[in-house]
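Asks: mmCIF, C-alpha atoms, saved as my_file-v3.cif, coming up:
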```cif
data_work
loop_
_atom_site.label_atom_id
_atom_site.label_comp_id
_atom_site.auth_asym_id
_atom_site.auth_seq_id
_atom_site.Cartn_x
_atom_site.Cartn_y
_atom_site.Cartn_z
CA MET A 1 -6.50 -8.17 -42.20
CA ALA A 2 -2.74 -8.20 -41.77
CA LYS A 3 -1.16 -6.25 -38.94
CA ILE A 4 1.54 -3.78 -39.90
CA LYS A 5 3.99 -2.03 -37.59
CA PHE A 6 6.44 0.73 -38.36
CA THR A 7 9.77 1.96 -37.09
CA SER A 8 9.33 4.94 -34.79
CA ALA A 9 11.63 6.90 -37.13
CA LEU A 10 8.71 7.33 -39.52
CA ARG A 11 6.65 9.07 -36.85
CA ARG A 12 8.85 12.15 -37.26
CA PHE A 13 7.22 12.62 -40.65
CA PHE A 14 3.83 11.03 -39.87
CA PRO A 15 3.15 11.78 -36.19
CA GLN A 16 -0.19 9.94 -36.20
CA LEU A 17 1.36 6.75 -37.55
CA CYS A 18 0.51 3.73 -35.39
CA ASP A 19 0.09 -0.01 -35.74
CA LEU A 20 -2.46 -0.68 -38.45
CA GLU A 21 -4.58 -3.48 -39.78
CA CYS A 22 -4.63 -3.35 -43.55
CA GLU A 23 -6.24 -5.13 -46.47
CA GLY A 24 -4.01 -6.69 -49.08
CA GLU A 25 -2.97 -10.01 -50.53
CA SER A 26 0.59 -8.90 -51.20
CA VAL A 27 3.08 -6.59 -49.49
CA GLN A 28 2.58 -4.14 -52.34
CA GLN A 29 -1.17 -4.06 -51.73
CA VAL A 30 -0.68 -3.60 -48.01
CA ILE A 31 1.67 -0.65 -48.59
CA GLN A 32 -0.88 0.81 -50.98
CA SER A 33 -3.49 0.51 -48.24
CA VAL A 34 -1.18 2.32 -45.81
CA GLU A 35 -0.64 5.05 -48.40
CA GLU A 36 -4.40 5.64 -48.53
CA GLN A 37 -4.41 6.31 -44.81
CA PHE A 38 -1.14 8.27 -44.72
CA PRO A 39 -0.70 9.98 -48.08
CA GLY A 40 2.95 10.36 -49.01
CA ILE A 41 4.31 7.57 -46.82
CA GLN A 42 4.90 5.35 -49.84
CA ASP A 43 7.53 7.79 -51.09
CA TYR A 44 9.46 7.23 -47.87
CA ILE A 45 9.35 3.44 -48.11
CA LEU A 46 9.56 2.84 -51.85
CA GLU A 47 11.60 4.20 -54.74
CA GLU A 48 9.73 5.95 -57.53
CA ASP A 49 9.73 2.69 -59.54
CA GLY A 50 7.93 0.89 -56.70
CA SER A 51 10.92 -1.05 -55.43
CA LEU A 52 11.83 -1.06 -51.76
CA ARG A 53 14.35 1.61 -50.85
CA LYS A 54 17.85 0.23 -50.43
CA HIS A 55 18.10 1.06 -46.73
CA VAL A 56 14.57 0.06 -45.76
CA ASN A 57 13.61 -3.45 -44.77
CA ILE A 58 10.20 -5.09 -44.64
CA PHE A 59 9.78 -8.19 -42.51
CA LEU A 60 6.89 -10.55 -43.15
CA LYS A 61 6.33 -13.10 -40.40
CA GLU A 62 9.77 -12.11 -39.02
CA GLU A 63 11.51 -12.86 -42.34
CA LEU A 64 12.81 -10.32 -44.83
CA ILE A 65 10.55 -10.19 -47.85
CA GLN A 66 11.88 -11.98 -50.92
CA ASP A 67 10.76 -9.61 -53.66
CA ARG A 68 12.20 -6.16 -52.99
CA ASN A 69 11.52 -5.02 -56.55
CA THR A 70 7.76 -5.46 -56.88
CA LEU A 71 6.75 -6.56 -53.36
CA THR A 72 4.77 -9.58 -54.50
CA ASP A 73 5.30 -11.62 -51.33
CA ALA A 74 1.92 -13.10 -50.42
CA VAL A 75 0.23 -11.83 -47.27
CA ASN A 76 -2.34 -13.72 -45.22
CA ALA A 77 -4.85 -12.14 -42.89
CA SER A 78 -3.07 -13.43 -39.80
CA ASP A 79 0.36 -12.16 -40.86
CA GLU A 80 2.33 -9.41 -39.18
CA ILE A 81 4.46 -7.02 -41.21
CA LEU A 82 7.23 -4.78 -39.86
CA VAL A 83 8.63 -1.79 -41.79
CA PHE A 84 12.04 -0.86 -40.47
CA GLN A 85 15.06 1.15 -41.56
CA ALA A 86 18.36 -0.60 -42.11
CA LEU A 87 20.97 0.23 -39.50
CA SER A 88 23.66 2.63 -40.59
CA GLY A 89 26.31 4.81 -39.05
CA GLY A 90 27.53 8.39 -39.41
CA MET B 1 18.65 39.28 -45.50
CA HIS B 2 18.43 35.62 -44.57
CA ILE B 3 21.42 33.30 -44.81
CA LEU B 4 20.44 29.66 -45.38
CA ILE B 5 23.21 27.21 -44.54
CA GLY B 6 22.59 23.60 -45.55
CA THR B 7 24.77 21.04 -43.78
CA THR B 8 24.86 17.27 -43.65
CA LYS B 9 23.05 17.48 -40.31
CA GLY B 10 20.44 20.15 -40.94
CA LEU B 11 19.63 23.67 -42.08
CA LEU B 12 20.68 26.80 -40.18
CA VAL B 13 19.00 30.14 -40.83
CA TYR B 14 20.72 33.40 -39.89
CA ARG B 15 19.43 36.94 -40.28
CA HIS B 16 21.81 39.67 -41.43
CA SER B 17 20.87 43.30 -41.00
CA THR B 18 23.99 45.42 -40.94
CA PHE B 19 27.71 44.85 -40.82
CA LEU B 20 27.75 46.66 -37.47
CA ASP B 21 26.26 43.50 -35.94
CA ASP B 22 26.98 39.83 -36.41
CA PRO B 23 24.33 37.80 -38.23
CA VAL B 24 21.90 36.23 -35.75
CA LEU B 25 20.91 32.57 -35.72
CA VAL B 26 17.14 32.51 -36.22
CA LYS B 27 16.37 28.81 -36.24
CA THR B 28 17.53 25.33 -37.21
CA HIS B 29 15.49 22.98 -39.38
CA PHE B 30 15.61 19.33 -40.52
CA LEU B 31 18.05 18.44 -37.75
CA GLY B 32 19.85 15.18 -38.34
CA PHE B 33 19.22 15.21 -42.08
CA SER B 34 21.46 16.26 -44.93
CA VAL B 35 20.35 19.42 -46.74
CA SER B 36 21.59 19.15 -50.31
CA MET B 37 20.08 22.31 -51.76
CA ALA B 38 18.74 25.62 -50.47
CA PHE B 39 17.06 28.17 -52.70
CA ILE B 40 14.86 31.22 -52.23
CA ASP B 41 12.63 32.18 -55.16
CA GLN B 42 13.13 35.92 -55.35
CA ILE B 43 9.80 36.42 -57.08
CA SER B 44 7.48 34.38 -54.88
CA GLY B 45 9.62 34.57 -51.75
CA ARG B 46 9.19 30.83 -51.32
CA TRP B 47 12.01 28.94 -49.61
CA TRP B 48 12.96 25.58 -51.14
CA VAL B 49 15.10 22.95 -49.48
CA GLY B 50 16.29 19.59 -50.77
CA VAL B 51 16.74 17.05 -47.99
CA ILE B 52 18.46 13.70 -48.33
CA HIS B 53 17.34 11.05 -45.90
CA LYS B 54 19.76 8.18 -45.62
CA HIS B 55 16.88 5.75 -45.48
CA TRP B 56 13.87 7.54 -46.89
CA GLY B 57 15.29 9.12 -50.04
CA GLN B 58 15.47 12.65 -51.39
CA LYS B 59 12.68 15.06 -50.44
CA LEU B 60 11.80 18.56 -51.61
CA HIS B 61 10.33 20.91 -49.00
CA PHE B 62 9.10 24.50 -49.27
CA SER B 63 8.03 27.26 -46.93
CA ASP B 64 6.00 30.39 -47.68
CA ASP B 65 6.57 31.95 -44.25
CA GLN B 66 10.37 31.97 -44.01
CA GLY B 67 10.63 28.61 -42.34
CA LYS B 68 7.86 28.84 -39.75
CA ASN B 69 6.02 26.03 -41.52
CA TRP B 70 7.25 23.56 -44.11
CA SER B 71 5.37 21.56 -46.72
CA ILE B 72 6.62 18.73 -48.88
CA THR B 73 6.09 18.58 -52.60
CA LYS B 74 6.00 15.51 -54.78
CA LEU B 75 9.48 14.79 -56.04
CA PRO B 76 9.82 14.94 -59.83
CA SER B 77 9.76 11.48 -61.34
CA LEU B 78 11.92 9.66 -63.86
CA LYS B 79 9.59 6.67 -63.77
CA GLY B 80 10.07 4.55 -66.86
CA GLU B 81 13.19 6.41 -68.00
CA LYS B 82 16.49 4.61 -68.39
CA LEU B 83 20.12 5.57 -68.06
CA PRO B 84 22.44 5.10 -71.05
CA ASN B 85 23.71 1.90 -69.39
CA GLY B 86 20.19 0.46 -69.49
CA LYS B 87 19.50 0.74 -65.77
CA LEU B 88 16.31 2.37 -64.54
CA ALA B 89 16.78 6.05 -63.79
CA LYS B 90 15.81 7.48 -60.40
CA VAL B 91 16.10 10.97 -58.99
CA ARG B 92 18.93 10.50 -56.51
CA GLN B 93 19.67 14.04 -55.41
CA ILE B 94 18.41 17.57 -55.96
CA TRP B 95 21.39 19.74 -56.77
CA SER B 96 20.14 23.07 -58.04
CA MET B 97 17.11 25.26 -58.50
CA ALA B 98 16.43 28.54 -60.31
CA SER B 99 13.39 30.65 -60.97
CA GLY B 100 12.35 32.30 -64.23
CA GLY B 101 12.59 36.05 -64.44
CA SER B 102 9.75 38.51 -63.97
CA ASP B 103 8.43 37.53 -67.42
CA GLN B 104 8.04 33.91 -66.23
CA SER B 105 7.15 34.39 -62.60
CA LYS B 106 5.85 30.86 -61.95
CA ASN B 107 8.64 29.06 -63.75
CA LEU B 108 11.13 26.98 -61.84
CA TRP B 109 14.00 24.80 -63.00
CA LEU B 110 15.38 21.91 -60.99
CA GLY B 111 18.70 20.14 -61.61
CA THR B 112 19.33 16.65 -60.30
CA ASP B 113 21.57 13.62 -60.16
CA PRO B 114 21.37 11.58 -62.53
CA GLY B 115 21.61 14.50 -64.97
CA ALA B 116 17.90 15.17 -65.31
CA LEU B 117 16.56 18.71 -65.59
CA PHE B 118 12.95 19.42 -64.58
CA HIS B 119 10.77 22.43 -65.33
CA SER B 120 7.72 23.75 -63.54
CA THR B 121 5.29 26.35 -64.83
CA ASP B 122 3.10 26.34 -61.71
CA ASN B 123 5.51 27.51 -59.04
CA GLY B 124 6.70 24.02 -58.20
CA HIS B 125 3.35 22.29 -57.76
CA THR B 126 4.38 19.93 -60.55
CA PHE B 127 7.66 19.37 -62.37
CA ASN B 128 8.12 17.90 -65.82
CA LEU B 129 11.24 16.29 -67.21
CA VAL B 130 12.95 18.45 -69.84
CA SER B 131 13.03 15.64 -72.35
CA SER B 132 14.94 17.62 -74.97
CA LEU B 133 17.97 17.57 -72.67
CA TRP B 134 17.32 14.05 -71.34
CA LYS B 135 17.24 12.79 -74.94
CA HIS B 136 20.16 14.94 -76.08
CA PRO B 137 22.37 12.78 -78.33
CA SER B 138 25.40 13.48 -76.16
CA ARG B 139 23.66 12.04 -73.07
CA LEU B 140 22.48 8.93 -74.85
CA LYS B 141 25.98 8.06 -75.97
CA GLN B 142 27.94 6.47 -73.13
CA GLY B 143 31.12 8.26 -72.16
CA GLN B 144 30.11 11.87 -72.78
CA TRP B 145 28.00 12.37 -69.64
CA PHE B 146 29.45 10.66 -66.58
CA GLY B 147 29.69 11.02 -62.84
CA ALA B 148 32.39 12.92 -60.98
CA GLY B 149 32.46 12.13 -57.31
CA SER B 150 29.10 10.51 -57.92
CA ASP B 151 28.04 7.47 -59.90
CA TYR B 152 26.04 9.58 -62.33
CA PRO B 153 26.26 13.09 -63.83
CA PHE B 154 24.49 15.87 -61.98
CA ILE B 155 23.21 19.33 -62.91
CA HIS B 156 24.58 21.68 -60.27
CA SER B 157 24.23 25.08 -61.95
CA ILE B 158 21.21 26.68 -63.62
CA VAL B 159 21.81 30.22 -64.88
CA ILE B 160 18.96 32.24 -66.34
CA ASN B 161 19.64 35.35 -68.40
CA PRO B 162 17.97 38.18 -66.44
CA GLU B 163 17.10 39.84 -69.75
CA ASP B 164 15.44 36.77 -71.28
CA SER B 165 14.05 33.90 -69.22
CA ASN B 166 14.06 31.60 -72.25
CA HIS B 167 17.82 31.87 -72.34
CA VAL B 168 19.23 29.38 -69.85
CA PHE B 169 22.64 27.86 -69.22
CA ILE B 170 23.17 24.72 -67.19
CA ALA B 171 26.40 23.10 -66.03
CA ILE B 172 26.78 19.37 -65.58
CA SER B 173 29.51 17.37 -63.83
CA CYS B 174 30.48 15.73 -66.06
CA ALA B 175 29.29 16.81 -69.48
CA GLY B 176 29.89 20.56 -69.45
CA VAL B 177 27.92 23.71 -70.14
CA PHE B 178 24.74 23.58 -72.21
CA GLU B 179 22.64 26.48 -73.47
CA THR B 180 19.04 26.89 -74.56
CA LYS B 181 17.70 30.05 -76.15
CA ASP B 182 14.16 28.78 -76.57
CA GLY B 183 13.11 27.94 -73.05
CA GLY B 184 14.43 24.39 -73.14
CA THR B 185 13.21 23.16 -76.51
CA THR B 186 16.73 22.78 -77.88
CA TRP B 187 20.11 22.58 -76.14
CA ASN B 188 23.66 23.02 -77.40
CA PRO B 189 26.98 22.39 -75.65
CA ARG B 190 29.04 25.52 -74.97
CA ASN B 191 32.44 24.16 -74.00
CA ASN B 192 34.80 25.65 -76.57
CA GLY B 193 38.09 26.41 -74.86
CA LEU B 194 37.51 24.26 -71.80
CA ILE B 195 39.99 21.52 -71.00
CA ALA B 196 39.17 17.97 -69.93
CA ALA B 197 42.66 16.90 -68.89
CA TYR B 198 41.35 13.57 -67.60
CA LEU B 199 40.22 12.44 -71.07
CA PRO B 200 42.31 11.13 -74.00
CA ASN B 201 41.13 14.17 -75.98
CA PRO B 202 41.07 17.16 -73.58
CA ASN B 203 39.25 19.28 -76.16
CA VAL B 204 36.10 17.20 -76.51
CA GLU B 205 32.82 18.98 -77.15
CA VAL B 206 31.09 17.18 -74.27
CA GLY B 207 32.74 15.59 -71.25
CA HIS B 208 33.86 18.61 -69.24
CA ASP B 209 33.64 19.18 -65.52
CA PRO B 210 32.52 22.68 -64.62
CA HIS B 211 32.29 22.80 -60.83
CA LEU B 212 30.17 25.95 -60.66
CA LEU B 213 28.83 28.30 -63.35
CA LEU B 214 27.85 31.94 -62.77
CA MET B 215 26.67 34.80 -65.01
CA SER B 216 27.45 38.46 -64.41
CA SER B 217 24.30 40.26 -63.32
CA SER B 218 25.45 43.45 -65.02
CA ASN B 219 26.54 41.89 -68.32
CA SER B 220 24.93 38.65 -69.45
CA ASN B 221 27.71 38.08 -71.97
CA ILE B 222 30.12 37.38 -69.13
CA LEU B 223 30.13 33.94 -67.52
CA TRP B 224 32.58 32.46 -65.05
CA GLN B 225 33.27 28.94 -63.93
CA GLN B 226 35.51 27.17 -61.48
CA ASN B 227 36.26 24.01 -63.39
CA HIS B 228 38.01 20.76 -62.52
CA CYS B 229 40.78 21.85 -64.88
CA GLY B 230 41.13 25.53 -64.11
CA ILE B 231 39.19 28.75 -63.73
CA PHE B 232 37.49 29.93 -66.89
CA VAL B 233 35.79 33.11 -68.06
CA SER B 234 33.76 33.84 -71.18
CA LYS B 235 33.05 37.35 -72.42
CA ASN B 236 30.98 36.23 -75.40
CA ASN B 237 28.07 34.39 -73.85
CA ALA B 238 29.91 31.09 -73.56
CA ALA B 239 30.81 30.95 -77.25
CA SER B 240 34.38 30.43 -76.02
CA TRP B 241 36.17 30.11 -72.70
CA GLU B 242 39.56 31.35 -71.51
CA ASN B 243 41.53 29.65 -68.74
CA ILE B 244 42.47 32.34 -66.24
CA ALA B 245 43.88 30.10 -63.50
CA ASN B 246 47.41 30.46 -62.23
CA LYS B 247 48.58 27.27 -63.89
CA GLU B 248 51.81 27.11 -61.89
CA GLY B 249 50.29 27.74 -58.49
CA ILE B 250 47.12 28.92 -56.82
CA PRO B 251 44.41 29.64 -57.55
CA ASN B 252 43.79 26.84 -59.98
CA TYR B 253 41.93 23.82 -58.61
CA GLY B 254 38.83 24.34 -56.53
CA PHE B 255 35.09 23.93 -56.47
CA THR B 256 33.53 27.32 -55.97
CA ILE B 257 33.56 30.90 -57.21
CA ALA B 258 31.74 34.16 -56.48
CA ILE B 259 31.54 37.19 -58.74
CA ASP B 260 30.86 40.87 -58.21
CA ASP B 261 27.47 42.29 -59.17
CA ASP B 262 28.83 45.57 -60.48
CA PHE B 263 32.52 45.20 -61.25
CA GLU B 264 32.67 42.90 -64.29
CA GLY B 265 36.24 41.69 -63.93
CA ARG B 266 36.07 40.90 -60.21
CA ALA B 267 35.72 37.39 -58.81
CA TRP B 268 36.76 35.38 -55.78
CA VAL B 269 37.78 31.74 -55.51
CA ILE B 270 38.67 29.49 -52.59
CA PRO B 271 41.43 27.22 -53.87
CA VAL B 272 41.93 23.55 -53.14
CA GLU B 273 45.47 22.20 -53.35
CA SER B 274 44.87 19.77 -56.23
CA ASP B 275 42.64 17.08 -57.61
CA GLU B 276 44.90 14.52 -55.95
CA ARG B 277 45.00 16.27 -52.55
CA ARG B 278 41.69 17.92 -51.79
CA ILE B 279 42.83 20.00 -48.86
CA ALA B 280 43.43 23.68 -48.26
CA PRO B 281 46.59 24.67 -50.15
CA ASN B 282 49.57 24.42 -47.81
CA LEU B 283 46.97 23.49 -45.17
CA LYS B 284 45.85 27.12 -45.00
CA LEU B 285 42.34 28.32 -45.77
CA GLN B 286 42.69 31.06 -48.40
CA VAL B 287 40.51 33.27 -50.59
CA TYR B 288 41.82 34.83 -53.79
CA GLN B 289 40.45 37.78 -55.74
CA THR B 290 40.91 39.09 -59.25
CA ASP B 291 39.88 42.52 -60.49
CA ASP B 292 40.94 42.04 -64.11
CA PHE B 293 39.34 38.81 -65.34
CA GLY B 294 42.10 36.68 -63.87
CA LYS B 295 45.16 38.42 -65.28
CA HIS B 296 46.23 38.89 -61.70
CA TRP B 297 45.13 37.13 -58.53
CA PHE B 298 45.81 38.33 -54.99
CA GLU B 299 45.03 36.85 -51.60
CA VAL B 300 42.21 38.30 -49.49
CA SER B 301 42.33 36.04 -46.46
CA THR B 302 42.47 38.61 -43.65
CA GLY B 303 40.59 37.27 -40.67
CA LEU B 304 40.72 33.62 -41.69
CA PRO B 305 42.45 31.17 -39.33
CA LYS B 306 46.22 31.12 -39.59
CA GLU B 307 46.61 27.70 -38.03
CA LEU B 308 46.66 24.37 -39.85
CA SER B 309 43.44 23.75 -41.71
CA PHE B 310 41.96 20.97 -43.81
CA ASP B 311 38.99 23.17 -44.74
CA ILE B 312 37.85 23.27 -48.34
CA VAL B 313 34.67 24.78 -49.74
CA LEU B 314 32.28 22.89 -52.00
CA ARG B 315 30.62 24.35 -55.08
CA GLN B 316 27.34 25.50 -53.53
CA SER B 317 28.87 26.70 -50.27
CA PHE B 318 30.10 30.18 -51.25
CA TYR B 319 27.53 32.88 -51.85
CA LYS B 320 27.58 36.62 -52.41
CA LYS B 321 24.52 38.85 -52.17
CA SER B 322 25.04 42.60 -52.34
CA ASN B 323 28.09 43.21 -50.15
CA LEU B 324 27.62 40.13 -48.01
CA MET B 325 29.84 37.14 -48.78
CA VAL B 326 29.52 33.90 -46.83
CA PHE B 327 31.22 30.55 -47.22
CA GLY B 328 31.08 27.30 -45.29
CA THR B 329 33.67 24.54 -45.29
CA THR B 330 33.71 20.77 -45.33
CA SER B 331 35.05 20.95 -41.79
CA GLY B 332 32.00 22.80 -40.52
CA ASN B 333 33.30 26.35 -40.27
CA VAL B 334 31.40 29.34 -41.68
CA PHE B 335 32.90 32.76 -42.40
CA TYR B 336 31.45 36.02 -43.69
CA THR B 337 32.65 39.43 -44.77
CA ASP B 338 31.65 42.74 -46.27
CA SER B 339 32.99 42.47 -49.83
CA THR B 340 34.09 46.10 -49.71
CA SER B 341 36.33 45.59 -46.67
CA LEU B 342 37.21 41.90 -46.98
CA THR B 343 37.96 41.10 -43.40
CA TRP B 344 36.54 37.67 -42.72
CA LYS B 345 34.76 36.93 -39.46
CA SER B 346 33.68 33.61 -38.06
CA LEU B 347 29.95 32.98 -38.16
CA ALA B 348 29.86 29.38 -36.92
CA THR B 349 32.36 26.70 -35.98
CA HIS B 350 32.20 23.01 -35.06
CA LEU B 351 29.34 22.32 -37.45
CA THR B 352 29.50 19.47 -39.92
CA LYS B 353 30.14 19.58 -43.67
CA VAL B 354 28.47 22.56 -45.30
CA ASN B 355 26.70 21.49 -48.50
CA CYS B 356 25.14 24.74 -49.64
CA ILE B 357 24.56 28.40 -48.80
CA PHE B 358 21.92 30.77 -50.15
CA ILE B 359 21.36 34.41 -49.22
CA TYR B 360 18.29 36.55 -49.87
#
```
If you took the structure in this file and wrote it as structure tokens, what would it be?

Replies:
Amino acid sequence: MAKIKFTSALRRFFPQLCDLECEGESVQQVIQSVEEQFPGIQDYILEEDGSLRKHVNIFLKEELIQDRNTLTDAVNASDEILVFQALSGG
Amino acid sequence: MHILIGTTKGLLVYRHSTFLDDPVLVKTHFLGFSVSMAFIDQISGRWWVGVIHKHWGQKLHFSDDQGKNWSITKLPSLKGEKLPNGKLAKVRQIWSMASGGSDQSKNLWLGTDPGALFHSTDNGHTFNLVSSLWKHPSRLKQGQWFGAGSDYPFIHSIVINPEDSNHVFIAISCAGVFETKDGGTTWNPRNNGLIAAYLPNPNVEVGHDPHLLLMSSSNSNILWQQNHCGIFVSKNNAASWENIANKEGIPNYGFTIAIDDDFEGRAWVIPVESDERRIAPNLKLQVYQTDDFGKHWFEVSTGLPKELSFDIVLRQSFYKKSNLMVFGTTSGNVFYTDSTSLTWKSLATHLTKVNCIFIY
């Protein structure tokens, strides 16, 4: 199972959120697996059409994912995924 | 009464009891996040708050215990819908909310950017797109609905006739005022007499920019609006509009308006210098009142700062409930007064931009 880590900013809304090991052959499937454990978290990460929110980044093996629209980047069991917010000011 | 003040950095809740005492800060909520909409359902007592997260999108929260505990509800969806330009439509911001009257106690309406209206018949558990408005021929044709200060049009005013909950007006920047008399099955533009000075034809049927729309609670035939191109009143249920701004001076341009519950011809506006210079006129924060449907305007600024001010007031940031009037500025200052004495007092300073105020 892939390991997935989250920005601490998401713990304000999901206090129990921690590093997880999730099933899934694509980033989309992994996010769906996270959603099953933390209902509602998908709405924070993804737009209503399933694309990645503009100011959220997902790193797969330390690289930004390629497919922000449908999250089809392939995930292997040994991979590590990081969900992080883009930096912004104001 | 509670005063809900939504700012770009959180929600402040004050309690007002009597004009003998200053309102008291009860609590702050959603600190660090922009509160785009605050609404209290006067039938259920439920508090609703729209919160914009810079990273995590728009959220819709509610509380049934006056803010002690908050829940989040599923945001209405435009999944699969497209904008007139062919792009996928997404709910970008919650702008307005209104509840049905006592004859429709579980009905809620929700206005959003990009110009989508949603309706709930289960007290906000679920919202459905009002497709009759979404598919209105004027929206589907590019150039009649368009953004103003935003990339897309947004529904900022929802006005329900207290005598008939199926009779609803909405106001859209930009498109104009629309009316339904059948609970949202059919909609018709009601913009006769408005001016769209920024268009080649200022007298178009659709393409207007009402900044805020209000209905008299004592006479549903009377509607008021602060518009991009003046201040307008209708005495015939929006069949026609009359420009009552002082076209040579102030008040004219502005975003917000408040009206009196009992005195039909009385309203207040907080002018902005002009479309080109969105600052307090002559760099002085001012409130103007009319008692005769805009034939005459006079200043009622006693108590407001006399020193240089950039403060202006956005459309949702001026609210009157009974005799209590409160407004908050883009510079983070909040003032209140008893509408019968009209001596403004400072409620809060050094905040950030005030997006919205609701009192109940």

Asks: Need to verify the contact set: region 65-67 of chain A, 10 Å, only C-alpha atoms, exclusion of same-chain residues closer than 4 positions in sequence. Can you return it as a list in words?

Replies: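 Selected residues are Val27, Gln28, Ser51, Leu52, Asn57, Ile58, Phe59, Leu60, Lys61, Leu71, Thr72, Asp73, Ala74 and Ile81 of chain A.
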
Asks: For Met97 (chain B), list every protein, DNA or RNA residue within 12 Å, evaluated using all atoms listed in the file, and leave out those in the same chain fewer than 4 positions away; present the list as a PDB file with C-alpha atoms, keeping the file's coordinate frame.

Replies:
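That gives us part26.pdb:
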```pdb
ATOM      1  CA  SER B  36      21.590  19.150 -50.310  1.00  0.00           C
ATOM      2  CA  MET B  37      20.080  22.310 -51.760  1.00  0.00           C
ATOM      3  CA  ALA B  38      18.740  25.620 -50.470  1.00  0.00           C
ATOM      4  CA  PHE B  39      17.060  28.170 -52.700  1.00  0.00           C
ATOM      5  CA  ILE B  40      14.860  31.220 -52.230  1.00  0.00           C
ATOM      6  CA  ASP B  41      12.630  32.180 -55.160  1.00  0.00           C
ATOM      7  CA  GLN B  42      13.130  35.920 -55.350  1.00  0.00           C
ATOM      8  CA  TRP B  47      12.010  28.940 -49.610  1.00  0.00           C
ATOM      9  CA  TRP B  48      12.960  25.580 -51.140  1.00  0.00           C
ATOM     10  CA  VAL B  49      15.100  22.950 -49.480  1.00  0.00           C
ATOM     11  CA  GLY B  50      16.290  19.590 -50.770  1.00  0.00           C
ATOM     12  CA  LEU B  60      11.800  18.560 -51.610  1.00  0.00           C
ATOM     13  CA  GLN B  93      19.670  14.040 -55.410  1.00  0.00           C
ATOM     14  CA  ASN B 107       8.640  29.060 -63.750  1.00  0.00           C
ATOM     15  CA  LEU B 108      11.130  26.980 -61.840  1.00  0.00           C
ATOM     16  CA  TRP B 109      14.000  24.800 -63.000  1.00  0.00           C
ATOM     17  CA  LEU B 110      15.380  21.910 -60.990  1.00  0.00           C
ATOM     18  CA  GLY B 111      18.700  20.140 -61.610  1.00  0.00           C
ATOM     19  CA  THR B 112      19.330  16.650 -60.300  1.00  0.00           C
ATOM     20  CA  LEU B 117      16.560  18.710 -65.590  1.00  0.00           C
ATOM     21  CA  PHE B 118      12.950  19.420 -64.580  1.00  0.00           C
ATOM     22  CA  HIS B 119      10.770  22.430 -65.330  1.00  0.00           C
ATOM     23  CA  SER B 120       7.720  23.750 -63.540  1.00  0.00           C
ATOM     24  CA  ASN B 123       5.510  27.510 -59.040  1.00  0.00           C
ATOM     25  CA  GLY B 124       6.700  24.020 -58.200  1.00  0.00           C
ATOM     26  CA  PHE B 127       7.660  19.370 -62.370  1.00  0.00           C
ATOM     27  CA  ILE B 155      23.210  19.330 -62.910  1.00  0.00           C
ATOM     28  CA  HIS B 156      24.580  21.680 -60.270  1.00  0.00           C
ATOM     29  CA  SER B 157      24.230  25.080 -61.950  1.00  0.00           C
ATOM     30  CA  ILE B 158      21.210  26.680 -63.620  1.00  0.00           C
ATOM     31  CA  VAL B 159      21.810  30.220 -64.880  1.00  0.00           C
ATOM     32  CA  ILE B 160      18.960  32.240 -66.340  1.00  0.00           C
ATOM     33  CA  ILE B 170      23.170  24.720 -67.190  1.00  0.00           C
ATOM     34  CA  GLN B 316      27.340  25.500 -53.530  1.00  0.00           C
ATOM     35  CA  CYS B 356      25.140  24.740 -49.640  1.00  0.00           C
ATOM     36  CA  PHE B 358      21.920  30.770 -50.150  1.00  0.00           C
TER      37      PHE B 358
END
```

Asks: What does the PyMOL selection byres ((chain A) within 7 of (chain B)) select in this file, as a PyMOL selection string?

Replies: chain A and resi 44-45+48-49+55-56+85

Asks: What does the distance between CA of Asp291 (chain B) and CA of Asn243 (chain B) come to in Å, to one decimal place?

Replies: 15.4 Å

Asks: What is the CA of Lys9 (chain B)-CA of Leu25 (chain B) distance in Å, reported with one decimal?

Replies: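 Computing the Euclidean distance for CA of Lys9 (chain B) and CA of Leu25 (chain B) yields 15.9 Å.
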
Asks: Quick one, how far is CA of Ser105 (chain B) from CA of Ala258 (chain B)?

Replies: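 CA of Ser105 (chain B) sits 25.3 Å away from CA of Ala258 (chain B).
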
Asks: Check the smallest atom-to-atom distance from each of A:Phe14, A:Glu23, A:Asn69, A:Glu36 to Arg53 (chain A) using only C-alpha atoms, then report the winner.

Replies: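 Smallest separation from Arg53 (chain A) among the options: A:Asn69.
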
Asks: Let me know the residues the PyMOL selection byres ((chain A and resi 35) around 12) catches in the file above, as a CSV table (one decimal) with C-alpha atoms, in the frame of the given file.

Replies:
```
chain,number,residue,atom,x,y,z
A,14,PHE,CA,3.8,11.0,-39.9
A,17,LEU,CA,1.4,6.8,-37.6
A,20,LEU,CA,-2.5,-0.7,-38.4
A,22,CYS,CA,-4.6,-3.4,-43.6
A,23,GLU,CA,-6.2,-5.1,-46.5
A,28,GLN,CA,2.6,-4.1,-52.3
A,29,GLN,CA,-1.2,-4.1,-51.7
A,30,VAL,CA,-0.7,-3.6,-48.0
A,31,ILE,CA,1.7,-0.6,-48.6
A,32,GLN,CA,-0.9,0.8,-51.0
A,33,SER,CA,-3.5,0.5,-48.2
A,34,VAL,CA,-1.2,2.3,-45.8
A,36,GLU,CA,-4.4,5.6,-48.5
A,37,GLN,CA,-4.4,6.3,-44.8
A,38,PHE,CA,-1.1,8.3,-44.7
A,39,PRO,CA,-0.7,10.0,-48.1
A,40,GLY,CA,3.0,10.4,-49.0
A,41,ILE,CA,4.3,7.6,-46.8
A,42,GLN,CA,4.9,5.4,-49.8
A,43,ASP,CA,7.5,7.8,-51.1
A,44,TYR,CA,9.5,7.2,-47.9
A,45,ILE,CA,9.4,3.4,-48.1
A,46,LEU,CA,9.6,2.8,-51.8
```
